[in-house]
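Trainee: Data: input.pdb, PDB, C-alpha atoms.
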```pdb
ATOM      1  CA  MET A1174       0.000   0.000   0.000
ATOM      2  CA  ARG A1175       1.354   3.406  -0.989
ATOM      3  CA  ILE A1176       1.157   6.428   1.284
ATOM      4  CA  GLY A1177       0.888  10.022   0.119
ATOM      5  CA  VAL A1178      -0.209  13.361   1.492
ATOM      6  CA  SER A1179      -3.166  15.623   0.775
ATOM      7  CA  THR A1180      -3.269  19.286   1.696
ATOM      8  CA  PHE A1181      -4.348  22.820   0.871
ATOM      9  CA  VAL A1182      -1.421  24.871  -0.412
ATOM     10  CA  THR A1183      -2.049  28.543   0.387
ATOM     11  CA  ASP A1184      -0.181  31.819   0.707
ATOM     12  CA  GLN A1185      -0.111  31.377   4.489
ATOM     13  CA  GLY A1186       1.425  27.899   4.795
ATOM     14  CA  VAL A1187       4.538  26.133   3.600
ATOM     15  CA  GLN A1188       5.395  27.032   0.023
ATOM     16  CA  PRO A1189       5.416  24.507  -2.836
ATOM     17  CA  VAL A1190       9.154  23.971  -3.336
ATOM     18  CA  PRO A1191      10.108  23.105   0.260
ATOM     19  CA  LEU A1192       6.928  21.037   0.591
ATOM     20  CA  GLY A1193       7.692  18.955  -2.493
ATOM     21  CA  ARG A1194      11.299  18.370  -1.494
ATOM     22  CA  ALA A1195      10.308  17.371   2.024
ATOM     23  CA  LEU A1196       7.728  14.862   0.811
ATOM     24  CA  GLU A1197      10.124  13.133  -1.575
ATOM     25  CA  GLU A1198      12.971  13.089   0.947
ATOM     26  CA  ARG A1199      10.685  11.353   3.459
ATOM     27  CA  GLY A1200       9.575   8.690   0.996
ATOM     28  CA  PHE A1201       5.987   9.717   0.399
ATOM     29  CA  ASP A1202       4.559   8.446  -2.862
ATOM     30  CA  SER A1203       2.330  11.361  -3.863
ATOM     31  CA  LEU A1204       0.887  14.785  -3.173
ATOM     32  CA  PHE A1205      -2.745  15.678  -3.855
ATOM     33  CA  ILE A1206      -3.752  19.334  -3.475
ATOM     34  CA  ALA A1207      -7.136  21.005  -3.230
ATOM     35  CA  GLU A1208      -8.591  23.668  -5.510
ATOM     36  CA  HIS A1209     -11.025  26.530  -5.059
ATOM     37  CA  SER A1210     -10.963  29.399  -7.537
ATOM     38  CA  HIS A1211     -12.581  31.801  -5.048
ATOM     39  CA  ILE A1212     -15.176  31.870  -2.274
ATOM     40  CA  PRO A1213     -18.225  34.146  -2.685
ATOM     41  CA  VAL A1214     -18.781  36.631   0.137
ATOM     42  CA  GLU A1215     -22.485  35.814   0.200
ATOM     43  CA  ARG A1216     -22.721  32.048   0.506
ATOM     44  CA  ARG A1217     -25.835  29.959   1.141
ATOM     45  CA  THR A1218     -24.300  26.520   0.615
ATOM     46  CA  PRO A1219     -23.384  24.962   3.971
ATOM     47  CA  TYR A1220     -19.850  23.729   4.483
ATOM     48  CA  PRO A1221     -19.940  19.891   4.271
ATOM     49  CA  GLY A1222     -17.623  19.628   7.248
ATOM     50  CA  GLY A1223     -20.010  21.611   9.438
ATOM     51  CA  GLY A1224     -19.535  24.967  11.085
ATOM     52  CA  GLU A1225     -17.656  27.882   9.531
ATOM     53  CA  LEU A1226     -15.761  27.437   6.292
ATOM     54  CA  PRO A1227     -12.026  27.233   7.131
ATOM     55  CA  GLU A1228      -9.845  30.050   5.861
ATOM     56  CA  ILE A1229      -7.730  27.689   3.743
ATOM     57  CA  TYR A1230     -10.631  27.438   1.274
ATOM     58  CA  TYR A1231     -10.312  31.149   0.536
ATOM     59  CA  ARG A1232      -6.589  31.072  -0.145
ATOM     60  CA  THR A1233      -5.658  28.065  -2.306
ATOM     61  CA  LEU A1234      -2.912  28.560  -4.873
ATOM     62  CA  ASP A1235      -3.563  27.549  -8.471
ATOM     63  CA  PRO A1236      -3.018  23.772  -8.460
ATOM     64  CA  PHE A1237      -1.170  23.496 -11.750
ATOM     65  CA  VAL A1238       1.225  26.351 -11.009
ATOM     66  CA  THR A1239       1.865  24.774  -7.597
ATOM     67  CA  LEU A1240       2.409  21.261  -8.924
ATOM     68  CA  SER A1241       4.653  22.490 -11.735
ATOM     69  CA  ALA A1242       6.902  24.221  -9.188
ATOM     70  CA  ILE A1243       7.078  20.967  -7.222
ATOM     71  CA  ALA A1244       7.753  18.962 -10.381
ATOM     72  CA  ALA A1245      10.915  20.993 -10.963
ATOM     73  CA  VAL A1246      12.458  19.953  -7.636
ATOM     74  CA  THR A1247      11.308  16.316  -7.412
ATOM     75  CA  ARG A1248      11.917  13.177  -9.444
ATOM     76  CA  SER A1249       9.464  10.491  -8.336
ATOM     77  CA  LEU A1250       6.635  12.169  -6.417
ATOM     78  CA  LEU A1251       3.229  11.766  -8.088
ATOM     79  CA  LEU A1252       1.551  15.154  -8.525
ATOM     80  CA  GLY A1253      -2.221  15.143  -8.191
ATOM     81  CA  THR A1254      -5.183  17.435  -7.918
ATOM     82  CA  GLY A1255      -7.394  16.466  -5.034
ATOM     83  CA  VAL A1256      -9.665  17.589  -6.538
ATOM     84  CA  ALA A1257      -9.810  19.837  -9.594
ATOM     85  CA  LEU A1258     -13.298  21.313  -9.883
ATOM     86  CA  VAL A1259     -14.102  20.399 -13.468
ATOM     87  CA  ALA A1260     -17.553  22.003 -13.261
ATOM     88  CA  GLN A1261     -15.725  25.336 -12.949
ATOM     89  CA  ARG A1262     -13.035  24.738 -15.597
ATOM     90  CA  ASP A1263     -12.817  25.273 -19.326
ATOM     91  CA  PRO A1264     -12.025  21.824 -20.767
ATOM     92  CA  ILE A1265      -9.672  23.032 -23.513
ATOM     93  CA  ILE A1266      -7.515  25.035 -21.104
ATOM     94  CA  THR A1267      -7.632  22.294 -18.475
ATOM     95  CA  ALA A1268      -6.555  19.614 -20.967
ATOM     96  CA  ARG A1269      -3.494  21.680 -21.849
ATOM     97  CA  GLU A1270      -2.659  22.395 -18.195
ATOM     98  CA  VAL A1271      -2.737  18.723 -17.215
ATOM     99  CA  ALA A1272      -0.792  17.663 -20.310
ATOM    100  CA  SER A1273       1.789  20.375 -19.669
ATOM    101  CA  LEU A1274       2.214  19.229 -16.063
ATOM    102  CA  ASP A1275       2.580  15.649 -17.255
ATOM    103  CA  LEU A1276       5.269  16.728 -19.720
ATOM    104  CA  VAL A1277       7.351  18.867 -17.355
ATOM    105  CA  SER A1278       7.117  16.235 -14.603
ATOM    106  CA  GLY A1279       8.151  13.349 -16.841
ATOM    107  CA  GLY A1280       4.777  11.603 -16.651
ATOM    108  CA  ARG A1281       3.848  12.091 -12.984
ATOM    109  CA  ALA A1282       0.530  13.941 -13.265
ATOM    110  CA  VAL A1283      -2.634  12.520 -11.686
ATOM    111  CA  PHE A1284      -5.885  14.256 -12.595
ATOM    112  CA  GLY A1285      -8.093  14.044  -9.519
ATOM    113  CA  VAL A1286     -11.526  15.462 -10.289
ATOM    114  CA  GLY A1287     -14.802  16.269  -8.589
ATOM    115  CA  ILE A1288     -18.058  18.075  -9.255
ATOM    116  CA  GLY A1289     -17.807  20.440  -6.271
ATOM    117  CA  TRP A1290     -20.177  21.404  -3.467
ATOM    118  CA  ASN A1291     -20.170  25.223  -3.299
ATOM    119  CA  ARG A1292     -23.113  26.213  -5.465
ATOM    120  CA  GLU A1293     -22.395  29.962  -5.407
ATOM    121  CA  GLU A1294     -18.795  29.364  -6.456
ATOM    122  CA  MET A1295     -19.777  27.311  -9.491
ATOM    123  CA  GLU A1296     -22.576  29.729 -10.426
ATOM    124  CA  ASN A1297     -19.953  32.478 -10.742
ATOM    125  CA  HIS A1298     -18.354  30.315 -13.440
ATOM    126  CA  GLY A1299     -21.644  30.121 -15.336
ATOM    127  CA  THR A1300     -22.403  26.581 -14.143
ATOM    128  CA  ASP A1301     -25.910  25.504 -13.181
ATOM    129  CA  PRO A1302     -25.515  23.352 -10.056
ATOM    130  CA  ALA A1303     -28.497  21.241 -11.115
ATOM    131  CA  THR A1304     -26.692  19.981 -14.237
ATOM    132  CA  ARG A1305     -23.107  19.959 -13.016
ATOM    133  CA  GLY A1306     -22.827  16.166 -13.088
ATOM    134  CA  ARG A1307     -23.666  15.946 -16.784
ATOM    135  CA  LEU A1308     -21.432  18.944 -17.463
ATOM    136  CA  VAL A1309     -18.461  17.287 -15.739
ATOM    137  CA  ASN A1310     -18.979  14.080 -17.701
ATOM    138  CA  GLU A1311     -18.904  15.950 -21.009
ATOM    139  CA  ARG A1312     -15.889  18.024 -20.039
ATOM    140  CA  LEU A1313     -13.972  14.900 -19.055
ATOM    141  CA  GLN A1314     -14.874  13.264 -22.353
ATOM    142  CA  ALA A1315     -13.702  16.362 -24.224
ATOM    143  CA  ILE A1316     -10.446  16.495 -22.235
ATOM    144  CA  ILE A1317      -9.728  12.840 -23.041
ATOM    145  CA  ALA A1318     -10.351  13.529 -26.720
ATOM    146  CA  LEU A1319      -7.921  16.455 -26.663
ATOM    147  CA  TRP A1320      -5.272  14.293 -24.994
ATOM    148  CA  THR A1321      -5.615  11.280 -27.264
ATOM    149  CA  LYS A1322      -6.514  12.543 -30.744
ATOM    150  CA  GLU A1323      -4.468  14.553 -33.213
ATOM    151  CA  LYS A1324      -7.644  16.275 -34.435
ATOM    152  CA  ALA A1325     -10.079  16.397 -31.546
ATOM    153  CA  GLU A1326     -13.681  17.526 -31.662
ATOM    154  CA  PHE A1327     -16.652  17.304 -29.337
ATOM    155  CA  HIS A1328     -20.347  18.002 -29.692
ATOM    156  CA  GLY A1329     -22.522  17.537 -26.651
ATOM    157  CA  GLU A1330     -25.183  19.179 -24.549
ATOM    158  CA  PHE A1331     -22.738  21.602 -22.919
ATOM    159  CA  VAL A1332     -19.397  21.285 -24.738
ATOM    160  CA  HIS A1333     -19.026  22.073 -28.432
ATOM    161  CA  PHE A1334     -15.952  22.481 -30.602
ATOM    162  CA  ASP A1335     -15.089  21.527 -34.155
ATOM    163  CA  PRO A1336     -11.815  19.704 -34.954
ATOM    164  CA  VAL A1337      -8.820  21.291 -33.234
ATOM    165  CA  TYR A1338      -5.127  20.635 -32.755
ATOM    166  CA  GLN A1339      -3.741  20.805 -29.251
ATOM    167  CA  TRP A1340      -0.276  20.104 -27.960
ATOM    168  CA  PRO A1341       1.507  19.050 -25.839
ATOM    169  CA  LYS A1342       0.061  15.583 -25.586
ATOM    170  CA  PRO A1343       0.547  13.892 -22.214
ATOM    171  CA  VAL A1344       3.589  11.703 -21.628
ATOM    172  CA  GLN A1345       1.475   8.957 -20.039
ATOM    173  CA  ARG A1346      -0.490   6.724 -22.375
ATOM    174  CA  PRO A1347      -3.281   6.758 -23.151
ATOM    175  CA  HIS A1348      -3.444   9.766 -20.798
ATOM    176  CA  PRO A1349      -2.796  10.746 -17.162
ATOM    177  CA  PRO A1350      -4.935   8.692 -14.786
ATOM    178  CA  ILE A1351      -8.264  10.225 -13.817
ATOM    179  CA  TYR A1352      -9.077   9.772 -10.134
ATOM    180  CA  VAL A1353     -12.747  10.502  -9.542
ATOM    181  CA  GLY A1354     -13.692  11.890  -6.147
ATOM    182  CA  GLY A1355     -17.057  11.547  -4.465
ATOM    183  CA  GLY A1356     -19.307   8.977  -2.875
ATOM    184  CA  GLU A1357     -21.439   6.290  -4.452
ATOM    185  CA  GLY A1358     -23.044   8.868  -6.730
ATOM    186  CA  ALA A1359     -19.720   9.015  -8.575
ATOM    187  CA  PHE A1360     -19.530   5.290  -9.298
ATOM    188  CA  ARG A1361     -21.046   5.480 -12.777
ATOM    189  CA  ARG A1362     -18.667   8.306 -13.647
ATOM    190  CA  ILE A1363     -15.767   6.153 -12.470
ATOM    191  CA  ALA A1364     -17.030   3.205 -14.500
ATOM    192  CA  ALA A1365     -17.267   5.270 -17.686
ATOM    193  CA  LEU A1366     -14.400   7.731 -17.380
ATOM    194  CA  GLY A1367     -12.260   7.023 -14.330
ATOM    195  CA  ASP A1368      -9.107   5.072 -13.658
ATOM    196  CA  ALA A1369      -9.447   5.100  -9.858
ATOM    197  CA  TRP A1370     -11.739   6.153  -7.038
ATOM    198  CA  LEU A1371     -10.627   8.939  -4.703
ATOM    199  CA  ALA A1372     -12.663   8.071  -1.615
ATOM    200  CA  ASN A1373     -13.171  10.743   0.996
ATOM    201  CA  SER A1374     -11.986   9.771   4.479
ATOM    202  CA  GLU A1375     -14.012   6.586   4.867
ATOM    203  CA  SER A1376     -13.119   4.034   7.558
ATOM    204  CA  PRO A1377     -12.098   0.532   6.408
ATOM    205  CA  GLU A1378     -15.388  -0.863   7.758
ATOM    206  CA  ARG A1379     -17.521   1.592   5.780
ATOM    207  CA  LEU A1380     -15.288   1.355   2.742
ATOM    208  CA  ARG A1381     -15.531  -2.416   2.263
ATOM    209  CA  PRO A1382     -19.167  -2.582   1.027
ATOM    210  CA  GLN A1383     -18.664   0.560  -1.052
ATOM    211  CA  ILE A1384     -15.732  -1.037  -2.891
ATOM    212  CA  GLU A1385     -17.877  -4.086  -3.561
ATOM    213  CA  ARG A1386     -20.643  -1.901  -5.023
ATOM    214  CA  LEU A1387     -18.112   0.006  -7.118
ATOM    215  CA  ARG A1388     -16.851  -3.250  -8.617
ATOM    216  CA  GLU A1389     -20.421  -4.242  -9.441
ATOM    217  CA  VAL A1390     -21.139  -0.922 -11.157
ATOM    218  CA  ALA A1391     -17.818  -0.781 -13.021
ATOM    219  CA  GLY A1392     -17.659  -4.474 -13.892
ATOM    220  CA  ARG A1393     -13.940  -4.475 -13.071
ATOM    221  CA  GLU A1394     -11.438  -3.957 -10.310
ATOM    222  CA  VAL A1395     -10.992  -0.238  -9.599
ATOM    223  CA  PRO A1396      -7.949   1.041  -7.691
ATOM    224  CA  VAL A1397      -8.871   3.027  -4.586
ATOM    225  CA  THR A1398      -7.084   5.967  -2.973
ATOM    226  CA  VAL A1399      -8.490   7.152   0.351
ATOM    227  CA  TYR A1400      -8.253  10.832   1.212
ATOM    228  CA  ALA A1401      -7.485  12.149   4.715
ATOM    229  CA  VAL A1402      -7.008   8.876   6.582
ATOM    230  CA  PRO A1403      -6.112   8.873  10.283
ATOM    231  CA  GLU A1404      -2.481   8.406  11.244
ATOM    232  CA  ASP A1405      -3.437   5.245  13.073
ATOM    233  CA  PRO A1406      -1.627   1.934  12.469
ATOM    234  CA  ASP A1407      -4.775  -0.110  13.129
ATOM    235  CA  ALA A1408      -6.738   1.858  10.516
ATOM    236  CA  LEU A1409      -3.856   1.596   8.065
ATOM    237  CA  GLU A1410      -3.776  -2.169   8.530
ATOM    238  CA  GLY A1411      -7.494  -2.213   7.771
ATOM    239  CA  TYR A1412      -6.981  -0.341   4.512
ATOM    240  CA  GLN A1413      -4.130  -2.645   3.625
ATOM    241  CA  ARG A1414      -6.287  -5.740   4.180
ATOM    242  CA  LEU A1415      -8.929  -4.252   1.881
ATOM    243  CA  GLY A1416      -6.392  -3.976  -0.921
ATOM    244  CA  VAL A1417      -6.526  -0.180  -1.021
ATOM    245  CA  GLU A1418      -3.847   1.027  -3.438
ATOM    246  CA  ARG A1419      -3.021   4.281  -1.640
ATOM    247  CA  VAL A1420      -3.938   6.282   1.433
ATOM    248  CA  LEU A1421      -3.388   9.995   1.884
ATOM    249  CA  PHE A1422      -2.518  11.547   5.217
ATOM    250  CA  TYR A1423      -3.992  15.012   5.670
ATOM    251  CA  LEU A1424      -1.368  17.701   6.222
ATOM    252  CA  PRO A1425      -2.708  20.858   7.913
ATOM    253  CA  THR A1426      -1.766  24.139   6.259
ATOM    254  CA  VAL A1427       0.809  25.537   8.675
ATOM    255  CA  PRO A1428       4.175  27.354   8.472
ATOM    256  CA  GLU A1429       7.243  25.523   7.200
ATOM    257  CA  ALA A1430       8.856  24.520  10.488
ATOM    258  CA  GLU A1431       5.634  23.021  11.812
ATOM    259  CA  THR A1432       5.009  21.322   8.466
ATOM    260  CA  MET A1433       8.377  19.572   8.604
ATOM    261  CA  ALA A1434       7.735  18.315  12.126
ATOM    262  CA  ARG A1435       4.331  16.951  11.081
ATOM    263  CA  LEU A1436       5.832  15.235   8.050
ATOM    264  CA  ASP A1437       8.535  13.630  10.169
ATOM    265  CA  ALA A1438       5.866  12.135  12.433
ATOM    266  CA  MET A1439       3.824  10.971   9.449
ATOM    267  CA  ALA A1440       6.874   9.421   7.809
ATOM    268  CA  ARG A1441       7.631   7.330  10.893
ATOM    269  CA  ILE A1442       4.130   5.851  10.756
ATOM    270  CA  ALA A1443       4.236   5.368   6.965
ATOM    271  CA  ALA A1444       7.548   3.493   7.169
ATOM    272  CA  ARG A1445       5.786   0.580   8.882
ATOM    273  CA  PHE A1446       3.642  -0.046   5.801
ATOM    274  CA  GLN A1447       6.125   0.449   2.973
TER
END
```
The structure in this file should be written as C-alpha cells.
Mentor:
Amino acid sequence: MRIGVSTFVTDQGVQPVPLGRALEERGFDSLFIAEHSHIPVERRTPYPGGGELPEIYYRTLDPFVTLSAIAAVTRSLLLGTGVALVAQRDPIITAREVASLDLVSGGRAVFGVGIGWNREEMENHGTDPATRGRLVNERLQAIIALWTKEKAEFHGEFVHFDPVYQWPKPVQRPHPPIYVGGGEGAFRRIAALGDAWLANSESPERLRPQIERLREVAGREVPVTVYAVPEDPDALEGYQRLGVERVLFYLPTVPEAETMARLDAMARIAARFQ
C-alpha cells in the first residue's frame, strides 16, 4: 500500500518547493492538493464539514502552477489534484494544463476530479448546479479527446468544438490517470471515465461494502485511494487488508517549520507499511 499526502497549499502555509522536497525526501509516494478558484462573500451553501468554512478554502494557490513548481524539484513524487473542480473549468484550457504538467514532470501527473459542493462558487463560473454532473462528464470526455486525438472535436449538450489541434500531448499513455472523487453517486462516472476512485476519508469498515458496489457498477477492479485517513496503524492495517492502493494523510496548512515536524511524524508511521 502506498502512502501520500493531501493538503491545501495557500499563501499562508509552507510554500510549494520546500513542501515537495520534504515529501520526496521522506519517501511519500504522492501529493494531492485542493482547488477553489474563489469563495463568494455571500454564501448559502453549507460547508460539508459543518460549522464555519475554514480560511484555507479562501486562499488556495492555483493547483497546476503549484504542482509544476514541485515537479521541478522532485523526481518520483506523483503530482495530483485532489480535486480539480471540473464544473468550474474550461475543458480546452484544463486539458493543456494537465498535459503540460505531465510533460514537465516526466509523466507524474494525476488528474483528480470532482463536481464540487459550493453552489455559489460554481454559479460564478456560469455553471448551473443542477446539471453539473452531466457537465463534468462531457468536459472529461472532451479532455480525453484532446489528450488522445491529433484532431479532436466534441459536440454535446454543454461542450461544443469543431476539430482542433492541441499540444503538448501527455507523456502517459493513453493519458494521465483520472481519479474521480465523491461517494457512491460518482460510481457510474468512475465506470465510464475514471481510472481510480478517490474516496473521501471513509473508515475501512464503511469502505468495504462501497468497494464491492463500485466493482459491481464498473464491472472491473478499480484502484482506490483514500483521502485524509487517520495516522493510526490499526486503521492503516485495515486499509491494507482491503487492498486499497493508496492512502493519503492530511497535512494541515501551517508554516514551514511546523510542516516539517508533522511530516517527520507521518513518515515514521508510513515506514511501517512500505
Trainee: Write out as a list in words the residues lying within 12 Å of Glu1330 in chain A, counting all atoms listed in the file and excluding same-chain residues fewer than 5 positions away.
Mentor: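 These residues fall inside the cut-off: Thr1304, Arg1305, Arg1307, Leu1308, Val1309, Asn1310, Glu1311, Arg1312 and Ala1315 of chain A.
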Trainee: Taking 2 positions as the minimum chain separation for residues in the same chain, which residues sit within 10 Å of range 1388-1394 of chain A when counting only C-alpha atoms? Answer as a PyMOL selection string.
Mentor: chain A and resi 1357+1360-1365+1367-1369+1382-1386+1396-1397
Trainee: In Å, rounded to a single decimal, give me how far CA of Gly1358 in chain A is from CA of Pro1219 in chain A.
Mentor: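 Atom-to-atom, CA of Pro1219 in chain A and CA of Gly1358 in chain A are spaced 19.3 Å apart.
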Trainee: For Ala1372 in chain A, list every protein, DNA or RNA residue within 8 Å, evaluated using all atoms listed in the file, and leave out those in the same chain fewer than 6 positions away; present the list as a VMD selection string.
Mentor: chain A and resid 1354 to 1356 1397 to 1400
Trainee: On this file, the PyMOL selection byres ((chain A and resi 1251-1262) around 9) gives some set of residues; write that set as a PyMOL selection string.
Mentor: chain A and resi 1177+1179-1180+1202-1210+1236-1237+1240-1241+1243-1244+1248-1250+1263-1267+1274-1275+1278+1280-1289+1294-1300+1302+1305-1306+1308-1309+1312-1313+1352-1354+1371+1400
Trainee: Which residue, A:Ile1229, A:Leu1196, A:Leu1234, A:Val1190, has the smallest gap to Ala1443 in chain A when you use all atoms listed in the file?
Mentor: A:Leu1196
Trainee: For CA of Ala1272 in chain A and CA of Glu1323 in chain A, quote the distance in Å rounded to one decimal.
Mentor: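 One can read the CA of Ala1272 in chain A to CA of Glu1323 in chain A distance as 13.8 Å.
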Trainee: Please determine, counting all atoms listed in the file, which residue among A:Leu1276, A:Ile1317, A:Val1395, A:Ile1176 has the shortest atom-to-atom distance to Leu1409 in chain A.
Mentor: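 Answer, going by the shortest atom-to-atom distance: A:Ile1176.
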Trainee: Could you tell me, as number ranges by chain, exactly which residues end up selected when the PyMOL selection byres ((chain A and resi 1404) around 8) is applied to this structure?
Mentor: A: 1402-1403, 1405-1406, 1408-1409, 1422, 1439, 1442
Trainee: Could you write out as a PyMOL selection string the residues that the PyMOL selection byres ((chain A and resi 1415) around 10) matches in the shown file?
Mentor: chain A and resi 1377-1378+1380-1381+1384+1397+1409-1414+1416-1418
Trainee: Extract, using only C-alpha atoms, all DNA, RNA and protein residues at most 12 Å from Glu1228 in chain A, discarding same-chain residues fewer than 4 positions from it, and format them as JSON, numbers by chain.
Mentor: {"A": [1181, 1182, 1183, 1184, 1185, 1186, 1209, 1211, 1212, 1220, 1232, 1233, 1425, 1426, 1427]}
Trainee: What separation in Å, quoted to one decimal, exists between CA of Arg1445 in chain A and CA of Thr1247 in chain A?
Mentor: 23.3 Å
Trainee: Give the answer as one residue: which of A:Arg1435, A:Leu1387, A:Arg1346, A:Ala1242 has the shortest atom-to-atom distance to Pro1191 in chain A, using only C-alpha atoms?
Mentor: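 So, comparing all the options, the nearest one is A:Ala1242.
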Trainee: Restricting the calculation to only C-alpha atoms: of A:Val1214, A:Glu1225, A:Gln1339, A:Arg1199, which residue gets closest to Ala1438 in chain A?
Mentor: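 Closest candidate: A:Arg1199.
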Trainee: Considering only C-alpha atoms, state which residue in the set A:Ala1303, A:Val1332, A:Ala1318, A:Leu1192 is at the smallest distance from Pro1428 in chain A.
Mentor: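 Under the stated criterion, the closest residue is A:Leu1192.
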Trainee: Would you mind exporting range 1276-1293 of chain A with N, CA, C and O atoms, as a CSV table (one decimal), in the first residue's frame?
Mentor:
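The resulting file, selection15.csv, is reproduced below:
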```csv
chain,number,residue,atom,x,y,z
A,1276,LEU,N,4.0,16.6,-18.9
A,1276,LEU,CA,5.3,16.7,-19.7
A,1276,LEU,C,6.4,17.2,-18.8
A,1276,LEU,O,7.5,16.6,-18.8
A,1277,VAL,N,6.2,18.3,-18.1
A,1277,VAL,CA,7.4,18.9,-17.4
A,1277,VAL,C,7.7,18.0,-16.2
A,1277,VAL,O,8.9,18.1,-15.7
A,1278,SER,N,6.8,17.1,-15.7
A,1278,SER,CA,7.1,16.2,-14.6
A,1278,SER,C,7.6,14.9,-15.0
A,1278,SER,O,8.0,14.0,-14.2
A,1279,GLY,N,7.7,14.7,-16.4
A,1279,GLY,CA,8.2,13.3,-16.8
A,1279,GLY,C,7.1,12.3,-16.6
A,1279,GLY,O,7.5,11.1,-16.4
A,1280,GLY,N,5.8,12.6,-16.7
A,1280,GLY,CA,4.8,11.6,-16.7
A,1280,GLY,C,4.3,11.3,-15.2
A,1280,GLY,O,4.0,10.1,-14.9
A,1281,ARG,N,4.2,12.3,-14.4
A,1281,ARG,CA,3.8,12.1,-13.0
A,1281,ARG,C,2.5,12.7,-12.6
A,1281,ARG,O,2.2,12.8,-11.4
A,1282,ALA,N,1.8,13.3,-13.6
A,1282,ALA,CA,0.5,13.9,-13.3
A,1282,ALA,C,-0.6,12.9,-13.0
A,1282,ALA,O,-0.7,11.9,-13.7
A,1283,VAL,N,-1.4,13.3,-12.0
A,1283,VAL,CA,-2.6,12.5,-11.7
A,1283,VAL,C,-3.8,13.5,-11.7
A,1283,VAL,O,-3.7,14.5,-10.9
A,1284,PHE,N,-4.8,13.3,-12.5
A,1284,PHE,CA,-5.9,14.3,-12.6
A,1284,PHE,C,-7.0,13.8,-11.7
A,1284,PHE,O,-7.9,13.0,-12.1
A,1285,GLY,N,-7.0,14.3,-10.4
A,1285,GLY,CA,-8.1,14.0,-9.5
A,1285,GLY,C,-9.2,15.1,-9.7
A,1285,GLY,O,-8.9,16.3,-9.8
A,1286,VAL,N,-10.4,14.6,-9.9
A,1286,VAL,CA,-11.5,15.5,-10.3
A,1286,VAL,C,-12.7,15.3,-9.4
A,1286,VAL,O,-12.9,14.2,-8.8
A,1287,GLY,N,-13.5,16.3,-9.3
A,1287,GLY,CA,-14.8,16.3,-8.6
A,1287,GLY,C,-15.8,17.3,-9.2
A,1287,GLY,O,-15.4,18.1,-10.0
A,1288,ILE,N,-17.0,17.2,-8.7
A,1288,ILE,CA,-18.1,18.1,-9.3
A,1288,ILE,C,-18.2,19.3,-8.4
A,1288,ILE,O,-18.8,20.3,-8.8
A,1289,GLY,N,-17.7,19.3,-7.1
A,1289,GLY,CA,-17.8,20.4,-6.3
A,1289,GLY,C,-19.1,20.5,-5.4
A,1289,GLY,O,-20.1,19.8,-5.7
A,1290,TRP,N,-19.0,21.3,-4.4
A,1290,TRP,CA,-20.2,21.4,-3.5
A,1290,TRP,C,-20.7,22.8,-3.3
A,1290,TRP,O,-21.8,23.0,-2.9
A,1291,ASN,N,-19.8,23.8,-3.6
A,1291,ASN,CA,-20.2,25.2,-3.3
A,1291,ASN,C,-20.9,25.8,-4.5
A,1291,ASN,O,-20.4,26.2,-5.5
A,1292,ARG,N,-22.3,25.8,-4.3
A,1292,ARG,CA,-23.1,26.2,-5.5
A,1292,ARG,C,-22.8,27.6,-5.9
A,1292,ARG,O,-22.8,27.9,-7.1
A,1293,GLU,N,-22.6,28.6,-5.0
A,1293,GLU,CA,-22.4,30.0,-5.4
A,1293,GLU,C,-21.1,30.1,-6.2
A,1293,GLU,O,-21.0,30.9,-7.1
```
